[in-house]
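Here the structure is laid out as structure tokens; the discussion comes afterwards.
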Amino acid sequence: MDFVLYWIDRGEFEFERHNYPYIYHTTSVTEEIWDNGRKADKKRRDITEAWVPISELPKDKKQILNKMIKEVN
């Protein structure tokens with residue numbers, strides 16, 4: 001399964017912020033979450049991000065992402 005990163009505190013997707021289709025696969029997402037959790041102080045950690053499956057994106061966001069993917073390829 002593929003995911004995109006959503007910055008909760010900014011209210012935007014990473015691919016929109018950087019105008020590039022960043023897509024993460026299940027393995028890389030798991031590693032990223034583990035790495036962030038290992039580095040963070042668990043008592044003071046704020047949740048600032050969410051991993052959203054591409055299949056769950058709103059239709060307009062899917063269209064933007066698909067257009068970016070076509071432009072990169």
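Naming works like this for the structure tokens: A, B, ... for the chains as they're shown, residue 1 at the start of each chain, ligands 1 onward in shown order.
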
- Message: Neighbouring residues of Pro21 (chain A) were defined as those with any atom within 8 Å, considering only C-alpha atoms; residues of the same chain fewer than 6 positions away were excluded. Please report them as a PyMOL selection string.
- Response: chain A and resi 15+65+68-69

Output file for the residues above (N, CA and C atoms, as an mmCIF file, in the first residue's frame):
```
data_model
loop_
_atom_site.group_PDB
_atom_site.id
_atom_site.type_symbol
_atom_site.label_atom_id
_atom_site.label_comp_id
_atom_site.auth_asym_id
_atom_site.auth_seq_id
_atom_site.Cartn_x
_atom_site.Cartn_y
_atom_site.Cartn_z
ATOM 1 N N PHE A 15 3.172 16.462 -0.771
ATOM 2 C CA PHE A 15 3.333 16.583 -2.223
ATOM 3 C C PHE A 15 2.876 17.942 -2.738
ATOM 4 N N LEU A 65 -2.191 14.786 -7.405
ATOM 5 C CA LEU A 65 -1.084 13.839 -7.278
ATOM 6 C C LEU A 65 -0.840 13.099 -8.590
ATOM 7 N N MET A 68 0.964 15.300 -11.026
ATOM 8 C CA MET A 68 2.379 15.430 -10.676
ATOM 9 C C MET A 68 3.164 14.186 -11.109
ATOM 10 N N ILE A 69 2.576 13.019 -10.878
ATOM 11 C CA ILE A 69 3.240 11.767 -11.245
ATOM 12 C C ILE A 69 3.477 11.721 -12.760
#
```

- Excluding Tyr20 (chain A) and any residue of its chain fewer than 3 positions from it, enumerate the residues within 12 Å of it, using only C-alpha atoms, and give them as a ChimeraX atom specification. /A:4,13-17,23,64-73

Those residues with C-alpha atoms, as a CSV table (one decimal), in the first residue's frame please?
```csv
chain,number,residue,atom,x,y,z
A,4,VAL,CA,1.3,10.3,1.4
A,13,PHE,CA,0.0,17.4,2.1
A,14,GLU,CA,3.7,17.0,1.5
A,15,PHE,CA,3.3,16.6,-2.2
A,16,GLU,CA,1.5,19.9,-2.5
A,17,ARG,CA,3.9,21.8,-0.3
A,23,ILE,CA,4.8,8.6,-2.3
A,64,ILE,CA,-3.3,16.8,-8.3
A,65,LEU,CA,-1.1,13.8,-7.3
A,66,ASN,CA,-1.7,11.9,-10.5
A,67,LYS,CA,-0.9,15.0,-12.6
A,68,MET,CA,2.4,15.4,-10.7
A,69,ILE,CA,3.2,11.8,-11.2
A,70,LYS,CA,2.6,12.1,-15.0
A,71,GLU,CA,4.8,15.2,-15.2
A,72,VAL,CA,7.7,13.5,-13.4
A,73,ASN,CA,7.5,10.4,-15.6
```

- Query: Taking only C-alpha atoms into account, which of A:Phe3, A:Thr27, A:Glu49, A:Arg10 comes nearest Lys62 (chain A)?
  - Reply: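 Of the candidates, the smallest distance to Lys62 (chain A) is held by A:Phe3.
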
Spatial neighbours of Gly11 (chain A), 10 Å, only C-alpha atoms, chain gap at least 4 places, as an mmCIF file with C-alpha atoms, in the first residue's frame:
```cif
data_model
loop_
_atom_site.group_PDB
_atom_site.id
_atom_site.type_symbol
_atom_site.label_atom_id
_atom_site.label_comp_id
_atom_site.auth_asym_id
_atom_site.auth_seq_id
_atom_site.Cartn_x
_atom_site.Cartn_y
_atom_site.Cartn_z
ATOM 1 C CA TYR A 6 -0.173 15.053 5.638
ATOM 2 C CA TRP A 7 1.148 17.798 7.926
ATOM 3 C CA THR A 48 2.043 16.804 13.696
ATOM 4 C CA GLU A 49 1.734 14.331 10.849
#
```

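CA of Lys61 (chain A) is found 12.3 Å from CA of Asn19 (chain A).
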
- 8 Å contact set for Val29 (chain A), only C-alpha atoms, chain neighbours under 4 positions out, as an NGL selection string: :A and (3 or 24-25 or 33 or 51)

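Proximity to Thr26 (chain A) was assessed for A:Leu57, A:Val52, A:Gln63, A:Asp2 counting only C-alpha atoms; the smallest distance is recorded for A:Asp2.
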